[in-house]
>>> print(open('protein26.cif').read())   # mmCIF, C-alpha atoms, pLDDT in the B column; chains and numbers go by the auth columns
data_run
#
loop_
_atom_site.group_PDB
_atom_site.id
_atom_site.type_symbol
_atom_site.label_atom_id
_atom_site.label_comp_id
_atom_site.label_asym_id
_atom_site.label_seq_id
_atom_site.Cartn_x
_atom_site.Cartn_y
_atom_site.Cartn_z
_atom_site.B_iso_or_equiv
_atom_site.auth_seq_id
_atom_site.auth_asym_id
ATOM 1 C CA MET A 1 -27.165 62.395 15.393 31.00 1 A
ATOM 2 C CA LYS A 2 -26.908 65.710 13.615 37.00 2 A
ATOM 3 C CA TYR A 3 -27.088 68.866 15.722 40.00 3 A
ATOM 4 C CA ASP A 4 -29.687 71.310 14.483 50.00 4 A
ATOM 5 C CA GLU A 5 -29.592 74.667 16.236 53.00 5 A
ATOM 6 C CA LYS A 6 -33.373 74.886 15.814 51.00 6 A
ATOM 7 C CA ASN A 7 -33.932 71.999 18.235 52.00 7 A
ATOM 8 C CA VAL A 8 -35.039 73.093 21.681 52.00 8 A
ATOM 9 C CA MET A 9 -34.158 71.247 24.876 57.00 9 A
ATOM 10 C CA CYS A 10 -36.470 71.300 27.866 58.00 10 A
ATOM 11 C CA PHE A 11 -36.431 70.357 31.514 61.00 11 A
ATOM 12 C CA VAL A 12 -38.680 67.432 32.456 59.00 12 A
ATOM 13 C CA ILE A 13 -40.591 67.146 35.726 59.00 13 A
ATOM 14 C CA PRO A 14 -40.512 63.616 37.162 57.00 14 A
ATOM 15 C CA ALA A 15 -43.562 62.088 38.834 58.00 15 A
ATOM 16 C CA ALA A 16 -41.807 61.914 42.216 58.00 16 A
ATOM 17 C CA SER A 17 -40.630 65.121 43.815 58.00 17 A
ATOM 18 C CA PRO A 18 -38.115 66.074 45.119 65.00 18 A
ATOM 19 C CA ALA A 19 -35.904 64.563 42.457 64.00 19 A
ATOM 20 C CA PHE A 20 -32.725 65.297 40.526 66.00 20 A
ATOM 21 C CA PHE A 21 -32.081 63.965 37.039 70.00 21 A
ATOM 22 C CA SER A 22 -29.776 64.384 34.024 77.00 22 A
ATOM 23 C CA LEU A 23 -30.331 63.762 30.316 80.00 23 A
ATOM 24 C CA ARG A 24 -28.080 63.994 27.271 83.00 24 A
ATOM 25 C CA ALA A 25 -29.334 66.394 24.619 83.00 25 A
ATOM 26 C CA GLY A 26 -28.562 67.046 20.966 82.00 26 A
ATOM 27 C CA GLY A 27 -25.819 69.553 20.303 86.00 27 A
ATOM 28 C CA ALA A 28 -23.505 67.988 22.901 91.00 28 A
ATOM 29 C CA PHE A 29 -25.243 69.059 26.096 91.00 29 A
ATOM 30 C CA LEU A 30 -25.924 67.365 29.410 89.00 30 A
ATOM 31 C CA VAL A 31 -29.100 68.855 30.897 88.00 31 A
ATOM 32 C CA SER A 32 -29.829 68.399 34.610 85.00 32 A
ATOM 33 C CA ALA A 33 -32.585 69.727 36.821 84.00 33 A
ATOM 34 C CA GLU A 34 -34.023 69.452 40.281 82.00 34 A
ATOM 35 C CA ALA A 35 -37.755 69.358 40.873 78.00 35 A
ATOM 36 C CA ARG A 36 -39.376 70.265 44.180 79.00 36 A
ATOM 37 C CA GLY A 37 -43.068 70.476 44.858 76.00 37 A
ATOM 38 C CA GLY A 38 -43.860 69.479 41.279 75.00 38 A
ATOM 39 C CA GLU A 39 -41.920 72.412 39.786 79.00 39 A
ATOM 40 C CA ILE A 40 -38.442 72.873 38.377 82.00 40 A
ATOM 41 C CA ALA A 41 -36.294 74.412 41.117 86.00 41 A
ATOM 42 C CA TYR A 42 -33.339 75.112 38.795 89.00 42 A
ATOM 43 C CA GLY A 43 -31.621 73.658 35.760 89.00 43 A
ATOM 44 C CA ILE A 44 -28.003 73.052 34.849 92.00 44 A
ATOM 45 C CA VAL A 45 -26.755 72.863 31.267 93.00 45 A
ATOM 46 C CA ARG A 46 -23.264 71.446 30.686 95.00 46 A
ATOM 47 C CA SER A 47 -21.854 72.344 27.278 95.00 47 A
ATOM 48 C CA ILE A 48 -19.629 69.611 25.882 95.00 48 A
ATOM 49 C CA ALA A 49 -18.773 71.241 22.524 95.00 49 A
ATOM 50 C CA GLY A 50 -19.526 74.958 22.989 96.00 50 A
ATOM 51 C CA ASN A 51 -22.595 75.053 20.727 94.00 51 A
ATOM 52 C CA PRO A 52 -25.311 77.701 21.143 94.00 52 A
ATOM 53 C CA CYS A 53 -27.954 76.537 23.623 93.00 53 A
ATOM 54 C CA ARG A 54 -31.713 76.768 23.080 90.00 54 A
ATOM 55 C CA ILE A 55 -33.800 75.632 26.012 89.00 55 A
ATOM 56 C CA ALA A 56 -37.429 76.041 27.034 87.00 56 A
ATOM 57 C CA ASN A 57 -37.730 78.655 29.785 89.00 57 A
ATOM 58 C CA PRO A 58 -39.313 77.046 32.859 85.00 58 A
ATOM 59 C CA PHE A 59 -39.562 80.287 34.857 87.00 59 A
ATOM 60 C CA GLY A 60 -41.153 82.992 32.718 81.00 60 A
ATOM 61 C CA GLY A 61 -39.971 86.551 33.278 82.00 61 A
ATOM 62 C CA GLN A 62 -37.712 86.069 36.306 88.00 62 A
ATOM 63 C CA THR A 63 -35.048 83.936 34.655 93.00 63 A
ATOM 64 C CA ARG A 64 -31.289 84.276 34.938 94.00 64 A
ATOM 65 C CA VAL A 65 -28.568 82.290 33.172 96.00 65 A
ATOM 66 C CA ARG A 66 -25.231 82.107 34.971 96.00 66 A
ATOM 67 C CA ASP A 67 -21.903 80.566 33.967 97.00 67 A
ATOM 68 C CA LEU A 68 -20.963 78.423 36.976 96.00 68 A
ATOM 69 C CA GLU A 69 -17.292 78.374 35.962 96.00 69 A
ATOM 70 C CA THR A 70 -16.956 82.174 36.156 96.00 70 A
ATOM 71 C CA GLY A 71 -19.954 83.111 38.328 94.00 71 A
ATOM 72 C CA GLU A 72 -20.920 85.722 35.732 96.00 72 A
ATOM 73 C CA ALA A 73 -24.404 86.331 34.356 96.00 73 A
ATOM 74 C CA VAL A 74 -24.791 85.218 30.746 97.00 74 A
ATOM 75 C CA ALA A 75 -26.666 87.335 28.221 98.00 75 A
ATOM 76 C CA PHE A 76 -29.530 85.474 26.570 96.00 76 A
ATOM 77 C CA GLU A 77 -32.217 86.133 24.010 95.00 77 A
ATOM 78 C CA LYS A 78 -35.856 85.201 24.510 92.00 78 A
ATOM 79 C CA GLU A 79 -37.683 83.708 21.547 87.00 79 A
ATOM 80 C CA GLY A 80 -41.181 83.261 22.957 88.00 80 A
ATOM 81 C CA ASP A 81 -40.775 80.634 25.682 87.00 81 A
ATOM 82 C CA VAL A 82 -37.260 79.688 24.554 89.00 82 A
ATOM 83 C CA LEU A 83 -33.955 80.991 25.910 92.00 83 A
ATOM 84 C CA ARG A 84 -30.963 81.167 23.571 94.00 84 A
ATOM 85 C CA PHE A 85 -27.416 81.768 24.789 96.00 85 A
ATOM 86 C CA ALA A 86 -23.831 81.158 23.749 96.00 86 A
ATOM 87 C CA THR A 87 -21.807 78.525 25.599 96.00 87 A
ATOM 88 C CA GLU A 88 -18.174 77.552 26.016 97.00 88 A
ATOM 89 C CA ALA A 89 -17.060 73.935 25.864 97.00 89 A
ATOM 90 C CA GLY A 90 -16.686 72.422 29.332 97.00 90 A
ATOM 91 C CA HIS A 91 -18.698 75.120 31.097 97.00 91 A
ATOM 92 C CA GLU A 92 -21.841 74.572 33.164 96.00 92 A
ATOM 93 C CA TYR A 93 -24.693 77.083 33.148 96.00 93 A
ATOM 94 C CA ALA A 94 -27.378 77.540 35.789 95.00 94 A
ATOM 95 C CA VAL A 95 -30.852 78.390 34.508 94.00 95 A
ATOM 96 C CA GLU A 96 -32.575 79.737 37.585 93.00 96 A
ATOM 97 C CA ARG A 97 -35.205 82.066 38.959 91.00 97 A
ATOM 98 C CA GLU A 98 -33.487 85.393 39.495 88.00 98 A
ATOM 99 C CA PRO A 99 -34.677 85.782 43.101 87.00 99 A
ATOM 100 C CA ARG A 100 -33.879 82.102 43.916 87.00 100 A
ATOM 101 C CA PRO A 101 -30.389 80.957 42.813 87.00 101 A
ATOM 102 C CA LEU A 102 -29.532 77.271 42.989 82.00 102 A
ATOM 103 C CA GLU A 103 -27.293 77.861 46.048 86.00 103 A
ATOM 104 C CA SER A 104 -30.401 78.835 48.045 86.00 104 A
ATOM 105 C CA PHE A 105 -31.734 75.250 47.913 81.00 105 A
ATOM 106 C CA GLU A 106 -30.794 72.783 50.665 80.00 106 A
ATOM 107 C CA MET A 107 -29.130 69.596 49.477 72.00 107 A
ATOM 108 C CA ILE A 108 -31.420 66.580 49.195 64.00 108 A
ATOM 109 C CA GLU A 109 -30.058 63.511 50.963 62.00 109 A
#
>>> encode(input="protein26.cif", output="structure tokens")
Amino acid sequence: MKYDEKNVMCFVIPAASPAFFSLRAGGAFLVSAEARGGEIAYGIVRSIAGNPCRIANPFGGQTRVRDLETGEAVAFEKEGDVLRFATEAGHEYAVEREPRPLESFEMIE
């Protein structure tokens, strides 16, 4: 599979909620998300090769991208409904609602 930076990944909402799922994506990414109440609660993008990430924004205007290895906010560009940000190989990035970080969600058992 050839990586094309123009491809856009997206989070998928499963029929059953709550649910957590992971999918491999082009460009050497592992994309995970949790859905609650029929909506994406947060997403996690793991960068395998350090390629730029382009992902559909599930949250609109209140989105934050955070490097979970460093805890730092990551600058991103918005291209319509798509977020674009640089990644480092081996790092995981939270895509979350700014007022509701992933740590605010109780673990599902």
>>> axis_aligned_box(input="protein26.cif", around="segment 76-84 of chain A", padding_each_side="4 Å", output="AutoDock Vina command-line options")
--center_x -35.4 --center_y 82.9 --center_z 24.1 --size_x 19.7 --size_y 14.4 --size_z 13.0
>>> closest_residue(input="protein26.cif", among="A:Ile55, A:Val95, A:Ala75, A:Val65", to="Ala25 of chain A", atoms="all atoms listed in the file")
A:Ile55
>>> atom_distance(input="protein26.cif", atom1="atom CA of Ala28 of chain A", atom2="atom CA of Asn51 of chain A")
7.4 Å
>>> closest_residue(input="protein26.cif", among="A:Phe105, A:Phe85, A:Phe29, A:Tyr93", to="Pro52 of chain A", atoms="all atoms listed in the file")
A:Phe85
>>> residues_around(input="protein26.cif", residues="Pro101 of chain A", least_positions_apart="6", cutoff="12 Å", atoms="all atoms listed in the file", output="VMD selection string")
chain A and resid 41 to 44 62 to 66 68 71 73 93 to 95
>>> atom_distance(input="protein26.cif", atom1="atom CA of Ala56 of chain A", atom2="atom CA of Pro99 of chain A")
19.0 Å
>>> atom_distance(input="protein26.cif", atom1="atom CA of Met107 of chain A", atom2="atom CA of Ala49 of chain A")
28.9 Å
>>> closest_residue(input="protein26.cif", among="A:Gly26, A:Ala35, A:Arg97, A:Glu92", to="Arg54 of chain A", atoms="all atoms listed in the file")
A:Gly26
>>> resolve_selection(input="protein26.cif", expression="the PyMOL selection byres ((chain A and resi 30) around 8)", output="ChimeraX atom specification")
/A:22-25,28-29,31-32,45-48
>>> resolve_selection(input="protein26.cif", expression="the PyMOL selection byres ((chain A and resi 79) around 12)", output="JSON, numbers by chain")
{"A": [6, 8, 54, 55, 56, 57, 60, 76, 77, 78, 80, 81, 82, 83, 84, 85]}
>>> resolve_selection(input="protein26.cif", expression="the PyMOL selection byres ((chain A and resi 88) around 7)", output="list in words")
Ser47, Gly50, Thr87, Ala89, Gly90 and His91 of chain A
>>> closest_residue(input="protein26.cif", among="A:Glu96, A:Gly38, A:Phe21, A:Glu72", to="Pro58 of chain A", atoms="only C-alpha atoms")
A:Glu96
